[in-house]
Structures are given as C-alpha cells and as structure tokens.
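See below for the structure under consideration.
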There are 2 protein chains.
Amino acid sequence: MKTDSIANLDIDATRVEGMILALGAIGAHSGTGVCRTAYSPEWVAAQDLVAEWARAAELDVRFDAAGNLWARSEGSAGGKPIVSGSHIDSQCPGGRYDGALGVLAALIAISALKAEFGAPKVPLEMVSLCEEEGSRFPSAGFWGSRAIVGKITAEDCITVVSASGETIGAAMADIGYEPAHISEAVRDDIRAFIELHIEQGPILEDADLPVAVVDAITHIRHTRVTLTGQSNHAGAFPMDIRCDPMAGFAEVVTAVINHADALGRPAVTTVGQCIPDPNAPAIIPRAVTFTIDARHPDPDAAAEMYRTHDSILAEVAARRGLTLETEIQIDHPACLSDPALLAALDRGAEAAGAPTMHMASGAGHDSQQMAQICPVAMVFVRSEGGRSHTPEEFSTVDDIVAGIRVLAGALYDLAY
Amino acid sequence: MKTDSIANLDIDATRVEGMILALGAIGAHSGTGVCRTAYSPEWVAAQDLVAEWARAAELDVRFDAAGNLWARSEGSAGGKPIVSGSHIDSQCPGGRYDGALGVLAALIAISALKAEFGAPKVPLEMVSLCEEEGSRFPSAGFWGSRAIVGKITAEDCITVVSASGETIGAAMADIGYEPAHISEAVRDDIRAFIELHIEQGPILEDADLPVAVVDAITHIRHTRVTLTGQSNHAGAFPMDIRCDPMAGFAEVVTAVINHADALGRPAVTTVGQCIPDPNAPAIIPRAVTFTIDARHPDPDAAAEMYRTHDSILAEVAARRGLTLETEIQIDHPACLSDPALLAALDRGAEAAGAPTMHMASGAGHDSQQMAQICPVAMVFVRSEGGRSHTPEEFSTVDDIVAGIRVLAGALYDLAY
C-alpha cells in the first residue's frame with residue numbers, strides 16, 4: 001500500500017460538512033434533526049441528491065427494484081465488487097448521521113480513491129439502502145438489505161403495512177417501483193460489504209478515540225415474559241398469603257441486571273417495558289408482563305447468559321408460586337466480522353494515522369443482513385454523548401473524516 | 001343483659017337471604033353482581049326499597065339533604081342516638097354484599113330488637129349512605145358520610161365531576177336534591193357509629209371464623225414515586241455507565257415488600273402501578289413512576305414503616321445516581337375503634353354465641369369519616385376467598401346472621 005498517498009488522500013472536511021448539511025436539509029426536523037421515511041418525497045429527494053453527487057464523481061448510477069441506490073467505480077480486473085454504504089431513511093425524527101453518514105462516507109471514499117488513483121482493480125460500489133429503521137413500516141426493518149439478500153417477496157409488499165394501514169407496495173408504486181419485481185433487487189455477486197455508521201453509544205467517547213473497527217454485531221434476544229399470580233385488595237390481603245407477580249418481577253429485574261453487571265462489557269441486559277395488569281395503586285396485580293433485552297456478541301457467552309436468565313425466571317416463579325410464560329420475540333444471533341476485512345480496516349487505520357479500537361456493535365445494522373451473502377465488517381465513528389435516534393445526535397467533522405480515511409484505506413488495500 | 005333473649009333473637013336466615021337477593025336485583029349485573037352508582041335510578045330504587053322495609057318495621061324514615069336514608073327507632077330516654085349502617089352504592093360492577101350488607105344488618109338488627117324488646121332507651125338509627133365507592137364520581141369517595149360530618153360544601157357539588165364530566169350537583173338535582181342545601185345533612189348529635197361490612201380479605205377464612213370485631217382501620221398511605229435516570233439505547237450503552245431507573249425501581253420494590261413481610265401481619269405494602277417512560281423493549285427508560293401503598297393500623301408502627309420506605313428510596317436513588325421525586329397522594333391515619341364499643345361488641349358476640357376474633361381493617365370505610373364526630377367500631381363478616389369489588393363476592397347466610405347477631409347484641413347492650 002502506498003501509505004503516504006493514502007495518508008494524504010484529499011478528504012476536504014469543509015466539503016464533507018457541506019454534504020452532511022445539504023442531505024440533512026432534506027426532511028429537516030426540529031432544527032438539527034431529520035424525518036425521512038422510506039419512499040416518502042423527502043426520501044426520494046435525498047436519494048436523487050446522492051445520485052447527482054455520484055454522477056458528478058463519474059460513478060455509474062442505478063436504482064434497483066427495491067429503490068436502493070447503487071454507484072459503481074468499475075474495476076479494471078472485473079469480478080465481484082466490494083460494496084460500502086448504509087441506509088438513508090431515518091427515525092422520525094432522527095438525526096442527520098444515523099445511516100446517512102455511511103452512505104456519504106462510501107461515496108466520498110470511493111470518489112476520492114478514483115480521483116487520486118484512477119479506476120480500482122476490483123470494482124467498488126456505494127449503496128444507499130432503504131427502510132433500515134422501520135420508521136414508516138414497523139415490520140419492514142432492513143427492507144433494502146433484505147431485498148438484496150433475497151428475503152423479500154412480492155407477497156411481503158402486500159402484507160407489510162404502515163401504522164395508518166398503507167401497504168409498503170402501494171408506497172413503492174406511488175414513486176414508480178413495481179412491487180411484483182422486487183426480487184430483481186437480489187444480488188449474488190458481492191465480494192464484501194463494509195458499513196460505516198455512528199456508534200450510537202458512548203464507548204468511543206469514554207475511550208477518547210474517534211473511530212472503532214467493529215469486530216462483531218451482538219446477539220440480540222428479546223424475551224417477553226408474563227408472571228401471573230393472584231389479584232387482590234392491597235389492604236385486605238396479608239403479605240404471607242399473597243401471590244404477587246410484582247414482587248417476582250422485581251427480583252427478576254435485579255437478578256438479570258446484576259448478572260450483566262457482573263459479566264461486564266460487552267454484556268448488556270435491559271428491562272425497558274413493564275405492563276402490570278391491572279396497573280392500579282391499590283390492587284395487587286394479577287400479572288406483570290415485561291421484556292428482557294439481552295445482548296452479547298460472543299456466541300458462547302450469549303448462550304450462557306440466556307440459560308442463566310431462564311434459570312432465574314424458573315427459580316423466582318417456582319418459589320413465589322407464579323405462573324411463568326415466556327416467548328422469544330426477537331433472536332438475531334451474533335454477526336462476526338470477517339477477519340480479512342478486519343485486517344484491511346486495521347491496515348487502513350494505520351495508513352490513515354487514525355487511532356482506533358476494536359469493539360462490538362450493541363445495535364443491529366444492515367451488515368447483519370448482508371452477512372448472509374458475503375463477508376462483512378463495520379467502522380464506527382464517535383457519537384457525542386452516545387446519542388442517537390434523536391435530532392441531538394452529533395459527530396464532529398474531524399471524527400467523521402477520520403472514519404472516512406479508515407474506510408478509504410481499507411478499500412484501497414482491498415481493491416487497488 | 002338478658003343473654004338468653006339475645007341469643008334467641010328472631011333473625012330469620014331465609015328472610016335475610018331474601019332481602020339480600022331483592023336488593024341485589026336492583027342494578028343487577030353479570031349474574032351475581034350489581035352496578036348501583038350514586039344518584040342513579042338503581043340507587044334511588046334501592047334506597048326506596050330499604051325505606052319501604054324500614055317503614056314496615058315501624059321505624060321513622062327520612063332522607064337527608066345528601067340523599068342518605070335514615071330510619072329511627074325512638075328511645076324512651078331520648079338523647080343522642082346510636083347509629084349503625086353502611087353504604088348502598090357499589091362498584092360497577094361490584095357484588096351484592098360490599099356496603100349493602102351493613103345497611104341490611106342495621107335495619108334487621110334494629111327492627112328485630114324493637115319487635116322483641118320494644119322501644120330502646122337510647123334512640124337507634126339505621127343509615128344507608130351514598131357514594132362511598134366513588135364509582136360514579138371518582139373524587140367523591142365517602143360522599144354521604146363526609147356530608148354528615150360537615151366536610152362537603154355546596155361548592156364541591158359543582159367541582160366534583162364524573163368521568164363523563166357531569167357534576168355531582170347536577171346528578172343530585174336530577175333526582176330532586178338541592179345541592180345548595182347539602183350542608184343541612186350535617187349531624188352533631190350522634191352518640192356512636194357501628195358499621196357491619198364484609199371483610200374483603202381472607203383473614204377470617206384463614207382463621208375459620210365467621211365474624212370479627214374490628215379494632216382499627218389501618219393507616220393508608222399512597223406515595224407516588226418517580227425515579228429519573230437517563231434514557232439510552234439498550235444495546236449501545238455499557239452497563240457500567242448506565243443510569244437505569246428500572247434497576248432502581250426493582251430494588252425499591254423488593255426492599256419495601258421484604259420489609260412488610262418481615263414485619264408480618266397486619267403490615268401490608270403493595271406496588272400495584274408501574275409506568276416506565278418510555279415503555280419500550282429496547283430503550284433504557286428515562287424514568288419509572290410507581291406507587292407504594294403501605295398500611296399499618298398501629299400509628300407508631302406505620303410511622304416507622306414510612307420512615308423505612310423513605311430511607312430505602314433515598315439510599316437506592318443516591319447509590320444509582322437517580323433523581324427521586326415523591327408525592328404523598330393519600331394519607332388516611334389509622335382510625336382506632338372506641339374501647340367501650342369494642343367491649344359492647346365482644347359482649348354482644350358472647351351473648352350471641354358467635355366465635356369471633358379481633359382484627360384491623362386493611363381497607364377504608366365510612367366509619368373513618370364518622371369517627372370525626374363520634375366513637376366508632378366495626379364488625380366484619382367472612383368473605384369467601386377474600387373476594388370483593390367483583391360480582392363473585394360472597395358471604396354465607398349463616399355467617400351473615402352471625403354478624404347481625406353480634407351487632408344486635410352490642411346495640412342491645414348499649415341502648416336497652
């Protein structure tokens with residue numbers, strides 16, 4: 001690798017900032033936020049702006065049957081392309097960076113490499129994916145990447161609906177996409193996928209580093225639990241003959257949180273939802289329904305964590321005479337990054353002179369879907385305060401440029 | 001006391017059961033339940049039926065300015081009357097026994113005493129109170145008894161509204177009561193008040209006894225608590241830098257429930273309401289709001305319990321870096337029964353040959369209001385399964401007759 005050249009690659013911070021602001025102006029919300037849901041007029045305008053920038057950089061631009069935008073820097077040696085990108089839809093409102101930054105980073109890195117070094121050997125492609133968030137169609141998370149890996153059918157276009165009941169197929173048809181053709185978005189020719197994204201957490205800030213190389217996306221499991229006891233009058237029923245599911249719930253929460261505390265990073269366990277029935281001050285609830293969100297990127301550690309949770313639930317329910325029902329609602333196994341891509345990113349970071357660390361992603365990403373058809377890896381850029389899914393989400397342009405340099409260094413390493 | 005006579009007082013179980021069923025037919029709901037809210041047509045019909053029975057027993061009947069029904073057995077020595085009764089309104093749906101049984105018991109006891117022994121020395125009165133439950137006008141609990149003790153103003157008739165926005169004054173006016181005159185319901189001439197009620201808990205069933213003499217109504221305190229931390233992504237935020245109010249909430253629940261368990265009967269503590277904000281599986285909540293309902297009939301023990309709760313809340317909040325807000329929403333100090341009335345009830349039970357125990361009431365009752373103007377005491381009748389506020393509420397006619405005999409024995413002891 002010509003490390004000197006890569007270290008001096010022309011990434012103009014002022015231009016990067018201008019592109020972030022120009023994209024953030026489309027669907028602007030709450031000052032610094034955006035509301036840009038899949039297939040909306042704002043989403044169409046954002047895709048068109050990125051396409052315009054890509055054409056100006058002399059990349060080959062096309063939209064696939066799902067509405068994903070691709071921009072290609074043809075490779076002299078041909079063959080399967082290396083792809084980088086992320087999603088351009090947002091939470092509503094979300095921030096300017098979640099998703100959009102990965103699209104811009106891929107465009108800027110591929111364009112700069114082409115401008116500096118000419119055509120790559122291996123083709124490079126940028127992709128701008130649609131409906132990662134599920135903010136318009138709640139069950140359609142990772143829609144664009146799932147279409148690429150062949151997990152979306154024409155039937156899904158009819159059954160997936162928005163909160164107001166509109167089908168995703170109708171929303172596609174409104175802007176000129178034919179739902180019946182969505183399977184044409186499938187690709188089986190991708191060599192590798194590298195996604196840059198904001199961290200959405202505080203680990204880099206805590207470590208005082210601008211960029212991380214992501215070595216895994218964590219296993220995410222949501223278990224919905226109902227503990228059922230006996231509802232009674234809060235005053236007239238003595239403690240010693242109660243069957244109070246709230247008491248059992250509290251013990252479970254403390255035990256699962258203490259377990260994650262004891263395991264230490266990167267284990268996390270959250271009880272974010274609690275629904276007592278009834279939910280009234282002077283009535284012992286009949287039942288308490290809650291979710292346990294538990295994550296670990298190491299497959300063995302995750303399995304051990306889930307076994308421990310099952311034991312805690314069974315022990316508390318049996319000791320308190322409560323009926324226990326559990327349902328696993330979400331179960332995404334860990335997605336491990338490809339060692340060769342990690343090595344390329346480490347070399348890219350070294351060449352770019354960017355100090356980095358390795359970490360796991362605690363959130364899900366399009367990369368998990370892409371991993372079904374190719375090796376993947378990710379780059380994280382520091383998030384101020386670890387904030388995301390809010391207009392307050394922010395990353396400094398210096399950190400962003402550092403992230404783009406790491407990505408560009410890896411693409412150079414792999415494709416030139 | 002002519003114990004032989006009292007033991008043989010003519011309380012006809014078949015007639016008692018017939019009266020319960022006749023009253024329960026007015027506003028009948030869900031088979032065995034009733035829905036008889038204050039000032040409704042069903043409530044008017046129920047009061048009228050009781051008035052008809054009272055007139056048939058040659059008692060002097062009148063309705064006061066709040067709609068409470070009084071029936072008097074004049075005393076030969078004159079002076080202040082001893083009053084017995086309860087409320088005739090119900091939850092919606094509630095059962096046939098909560099409240100109504102105390103009205104019928106007073107009517108049956110006073111009538112039977114008059115029939116057997118003639119006029120008492122001390123006047124005896126039955127009262128059928130309105131809107132104890134607050135089931136039509138949520139903020140109007142104990143409306144009838146509060147009117148009697150002078151705690152209701154004409155202004156309240158305008159400000160107290162139902163869920164649909166109707167004022168309680170308009171409901172009164174609809175059936176011929178003039179809200180501006182409500183203060184005429186005040187009484188300052190009551191010698192004592194004795195209320196018979198179903199237990200609403202399982203203590204008598206547990207003790208295998210039909211009747212209890214109630215020596216206190218418990219102190220009831222509802223504290224609304226909000227623990228505020230920091231909302232963050234369930235995956236991206238490491239455990240060691242979280243500020244999770246759900247973790248604090250769970251520790252508080254376990255500590256306050258364990259404290260009541262350790263104190264033993266009659267201490268009870270319930271956390272029946274929990275409202276996380278937000279309330280979503282994959283978000284660490286910003287705040288958790290909940291109520292602590294804690295009750296003890298001994299004033300010193302109650303005060304110690306509330307101090308312990310305050311310490312638990314302060315310790316958990318400080319250790320976890322959570323902001324603590326508390327608001328005492330309900331605070332009814334314990335209402336201790338009058339020793340002379342308790343002694344009369346004990347003698348009445350002995351004379352009636354009814355095995356009884358002493359216990360505290362864990363629920364609030366009209367007696368607490370009446371205690372502001374006179375000595376009070378209560379009698380509890382065993383509730384099957386401890387159930388109340390449901391159509392399934394049930395007491396056997398044998399237990400009910402035993403309760404009426406205890407009440408009649410005490411009234412005989414005090415008034416003849």
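Labels for the structure tokens follow display order: chains A, B, ..., residues from 1 in each chain, ligands from 1.
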Residue neighbourhood A:Asp89, 6 Å, only C-alpha atoms, exclusion window fewer than 3 positions, as a PDB file with C-alpha atoms, in the first residue's frame:
```pdb
ATOM      1  CA  ARG A  36     -37.000  10.965   6.108  1.00  0.00           C
ATOM      2  CA  THR A  37     -39.063   7.817   5.927  1.00  0.00           C
ATOM      3  CA  ALA A  38     -38.830   5.168   3.238  1.00  0.00           C
ATOM      4  CA  CYS A 130     -33.948   1.961   2.158  1.00  0.00           C
ATOM      5  CA  GLU A 131     -36.055   1.405   5.290  1.00  0.00           C
TER       6      GLU A 131
END
```
Long-range neighbours of A:Ala106 as a PyMOL selection string, 9 Å cut-off, only C-alpha atoms, 2 positions minimum in chain: chain A and resi 83-86+101-104+108-111+125-127+194-196+404+407-408
Considering only C-alpha atoms, extract the chain B residues located within 8 Å of chain A and return them as a ChimeraX atom specification. /B:199-203,222,232-240,246-247,249-251,253-254,257,260-261,264-276,278-285,291-293,295,361-363,386-388
Include C-alpha atoms and write out the residues we just selected as a PDB file, in the first residue's frame.
```
ATOM      1  CA  GLU B 199     -64.136  -8.420  55.382  1.00  0.00           C
ATOM      2  CA  GLN B 200     -62.956  -8.155  51.732  1.00  0.00           C
ATOM      3  CA  GLY B 201     -59.916 -10.232  52.705  1.00  0.00           C
ATOM      4  CA  PRO B 202     -59.115 -13.841  53.609  1.00  0.00           C
ATOM      5  CA  ILE B 203     -58.158 -13.489  57.284  1.00  0.00           C
ATOM      6  CA  HIS B 222     -50.135   6.118  48.851  1.00  0.00           C
ATOM      7  CA  ASN B 232     -30.360   5.341  26.214  1.00  0.00           C
ATOM      8  CA  HIS B 233     -30.092   2.613  23.607  1.00  0.00           C
ATOM      9  CA  ALA B 234     -30.452  -0.853  25.150  1.00  0.00           C
ATOM     10  CA  GLY B 235     -27.636  -2.236  23.022  1.00  0.00           C
ATOM     11  CA  ALA B 236     -25.090   0.537  22.675  1.00  0.00           C
ATOM     12  CA  PHE B 237     -24.779   1.628  26.321  1.00  0.00           C
ATOM     13  CA  PRO B 238     -22.474  -0.446  28.560  1.00  0.00           C
ATOM     14  CA  MET B 239     -23.907  -1.463  31.929  1.00  0.00           C
ATOM     15  CA  ASP B 240     -21.188   0.321  33.914  1.00  0.00           C
ATOM     16  CA  MET B 246     -35.811   0.377  36.198  1.00  0.00           C
ATOM     17  CA  ALA B 247     -32.898  -1.157  38.105  1.00  0.00           C
ATOM     18  CA  PHE B 249     -37.305   0.623  40.850  1.00  0.00           C
ATOM     19  CA  ALA B 250     -36.777  -3.145  41.146  1.00  0.00           C
ATOM     20  CA  GLU B 251     -34.549  -2.743  44.212  1.00  0.00           C
ATOM     21  CA  VAL B 253     -39.969  -2.936  45.218  1.00  0.00           C
ATOM     22  CA  THR B 254     -38.028  -5.836  46.680  1.00  0.00           C
ATOM     23  CA  ILE B 257     -42.115  -5.774  50.113  1.00  0.00           C
ATOM     24  CA  ALA B 260     -43.634  -5.678  55.152  1.00  0.00           C
ATOM     25  CA  ASP B 261     -43.008  -9.442  55.006  1.00  0.00           C
ATOM     26  CA  GLY B 264     -45.692  -9.626  59.496  1.00  0.00           C
ATOM     27  CA  ARG B 265     -49.433  -9.092  59.888  1.00  0.00           C
ATOM     28  CA  PRO B 266     -51.053  -6.569  59.865  1.00  0.00           C
ATOM     29  CA  ALA B 267     -48.385  -4.652  57.865  1.00  0.00           C
ATOM     30  CA  VAL B 268     -49.020  -4.665  54.102  1.00  0.00           C
ATOM     31  CA  THR B 269     -47.143  -2.968  51.275  1.00  0.00           C
ATOM     32  CA  THR B 270     -48.138  -3.110  47.616  1.00  0.00           C
ATOM     33  CA  VAL B 271     -46.595  -1.750  44.455  1.00  0.00           C
ATOM     34  CA  GLY B 272     -49.524  -2.053  42.075  1.00  0.00           C
ATOM     35  CA  GLN B 273     -48.720   0.601  39.497  1.00  0.00           C
ATOM     36  CA  CYS B 274     -45.586   0.950  37.367  1.00  0.00           C
ATOM     37  CA  ILE B 275     -45.266   3.392  34.472  1.00  0.00           C
ATOM     38  CA  PRO B 276     -41.892   3.424  32.685  1.00  0.00           C
ATOM     39  CA  PRO B 278     -40.726   5.317  27.599  1.00  0.00           C
ATOM     40  CA  ASN B 279     -42.139   1.815  27.967  1.00  0.00           C
ATOM     41  CA  ALA B 280     -40.337   0.019  25.143  1.00  0.00           C
ATOM     42  CA  PRO B 281     -38.321  -3.213  24.980  1.00  0.00           C
ATOM     43  CA  ALA B 282     -35.081  -1.792  23.543  1.00  0.00           C
ATOM     44  CA  ILE B 283     -34.793   1.530  25.381  1.00  0.00           C
ATOM     45  CA  ILE B 284     -33.407   2.106  28.868  1.00  0.00           C
ATOM     46  CA  PRO B 285     -36.273   4.157  30.398  1.00  0.00           C
ATOM     47  CA  THR B 291     -46.908   3.932  43.762  1.00  0.00           C
ATOM     48  CA  ILE B 292     -46.172   2.458  47.141  1.00  0.00           C
ATOM     49  CA  ASP B 293     -49.380   1.598  49.024  1.00  0.00           C
ATOM     50  CA  ARG B 295     -50.696   0.236  55.536  1.00  0.00           C
ATOM     51  CA  SER B 361     -59.412  -3.414  58.595  1.00  0.00           C
ATOM     52  CA  GLY B 362     -56.935  -3.090  55.756  1.00  0.00           C
ATOM     53  CA  ALA B 363     -59.434  -1.131  53.674  1.00  0.00           C
ATOM     54  CA  GLY B 386     -61.467 -12.810  50.404  1.00  0.00           C
ATOM     55  CA  ARG B 387     -63.046 -11.518  47.216  1.00  0.00           C
ATOM     56  CA  SER B 388     -64.661  -8.085  46.857  1.00  0.00           C
TER      57      SER B 388
END
```
Report as a list in words all protein, DNA and RNA residues lying within 7 Å of B:Leu345, evaluated on only C-alpha atoms, omitting residues in the same chain fewer than 6 positions from it.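 Within the cut-off, the hits are Val213, Val406, Leu407 and Ala410 of chain B.
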Per DSSP on the backbone, what are the alpha helix (DSSP H) residues of stretch 50-133 of chain A, as a ChimeraX atom specification? /A:50-56,100-117
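Between atom CA of A:Ser90 and atom CA of A:Glu133 there is a distance of 6.4 Å.
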6 Å contact set for stretch 69-77 of chain B, only C-alpha atoms, chain neighbours under 5 positions out, as a short mmCIF file (atom, residue, chain, number, x, y, z; two decimals) with N, CA and C atoms, in the first residue's frame:
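Final output, around38.cif:
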```cif
data_model
loop_
_atom_site.label_atom_id
_atom_site.label_comp_id
_atom_site.auth_asym_id
_atom_site.auth_seq_id
_atom_site.Cartn_x
_atom_site.Cartn_y
_atom_site.Cartn_z
N LEU B 59 -90.30 2.04 61.75
CA LEU B 59 -89.24 2.99 62.06
C LEU B 59 -89.58 4.32 61.40
N ASP B 60 -89.02 5.42 61.96
CA ASP B 60 -89.25 6.74 61.39
C ASP B 60 -88.23 6.97 60.27
N VAL B 61 -88.71 7.18 59.08
CA VAL B 61 -87.85 7.22 57.89
C VAL B 61 -87.72 8.65 57.37
N ARG B 62 -86.51 9.04 57.01
CA ARG B 62 -86.30 10.33 56.33
C ARG B 62 -85.05 10.24 55.45
N PHE B 63 -85.00 11.10 54.44
CA PHE B 63 -83.80 11.26 53.62
C PHE B 63 -83.19 12.61 53.98
N ALA B 119 -89.39 -0.39 72.36
CA ALA B 119 -88.53 0.77 72.12
C ALA B 119 -87.28 0.69 72.99
N PRO B 120 -86.12 1.10 72.43
CA PRO B 120 -84.90 1.15 73.24
C PRO B 120 -84.94 2.35 74.19
N LYS B 121 -84.02 2.37 75.16
CA LYS B 121 -83.87 3.60 75.97
C LYS B 121 -83.20 4.67 75.10
N VAL B 122 -82.04 4.30 74.58
CA VAL B 122 -81.29 5.22 73.72
C VAL B 122 -81.79 5.06 72.29
N PRO B 123 -82.07 6.16 71.57
CA PRO B 123 -82.54 6.01 70.19
C PRO B 123 -81.53 5.22 69.35
N LEU B 124 -82.06 4.39 68.45
CA LEU B 124 -81.22 3.65 67.50
C LEU B 124 -81.59 4.11 66.09
N GLU B 125 -80.57 4.30 65.26
CA GLU B 125 -80.85 4.68 63.88
C GLU B 125 -80.05 3.82 62.91
N MET B 126 -80.71 3.51 61.82
CA MET B 126 -80.03 2.90 60.68
C MET B 126 -79.72 4.01 59.68
N VAL B 127 -78.56 3.91 59.01
CA VAL B 127 -78.28 4.86 57.93
C VAL B 127 -77.80 4.10 56.69
N SER B 128 -78.30 4.54 55.53
CA SER B 128 -77.86 3.98 54.24
C SER B 128 -77.18 5.12 53.48
#
```
Residues near A:Pro41, anyone? I mean within 12 Å using only C-alpha atoms, not counting same-chain ones fewer than 3 positions away, as an MDAnalysis selection string. chainID A and resid 26:27 35:38 44:48 89 171:172 174:175
DSSP strand (DSSP E) residues within stretch 365-402 of chain B, listed as an NGL selection string: :B and (376-381)
For A:Ala216, list every protein, DNA or RNA residue within 9 Å, evaluated using only C-alpha atoms, and leave out those in the same chain fewer than 4 positions away; present the list as a PyMOL selection string. chain A and resi 297-298+334-338+359-362+377-378
Keeping only C-alpha atoms, write the selected residues as a tab-separated table (two decimals), in the first residue's frame.
```tsv
chain	number	residue	atom	x	y	z
A	297	PRO	CA	-21.50	-10.61	20.76
A	298	ASP	CA	-19.78	-13.84	21.83
A	334	ALA	CA	-24.23	-12.53	16.67
A	335	CYS	CA	-22.75	-11.48	13.32
A	336	LEU	CA	-18.98	-11.80	13.42
A	337	SER	CA	-16.89	-9.58	11.18
A	338	ASP	CA	-14.67	-11.20	8.57
A	359	MET	CA	-15.48	-3.09	19.67
A	360	ALA	CA	-18.76	-4.91	19.21
A	361	SER	CA	-21.90	-3.22	17.99
A	362	GLY	CA	-24.69	-3.41	20.52
A	377	ALA	CA	-17.23	-5.57	8.69
A	378	MET	CA	-18.05	-2.13	10.07
```
Who sits within 9 Å of A:Arg136, only C-alpha atoms, same chain under 6 positions skipped, as a PyMOL selection string: chain A and resi 37-39+91-92+161-163+168
Find, counting only C-alpha atoms, the residue in A:Ala343, A:Ile20, A:Ala287, A:Ala7 that gets nearest to A:Asp98.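 Comparing A:Ala343, A:Ile20, A:Ala287, A:Ala7 against A:Asp98, the winner is A:Ile20.
Pairwise distance (atom CA of A:Gly403, atom CA of A:Pro210) equals 7.5 Å.
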Which is closest to B:Thr159 among B:Thr228, B:Val16, B:Phe137, B:Ile198, if we use only C-alpha atoms?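 Selected residue with least distance to B:Thr159: B:Phe137.
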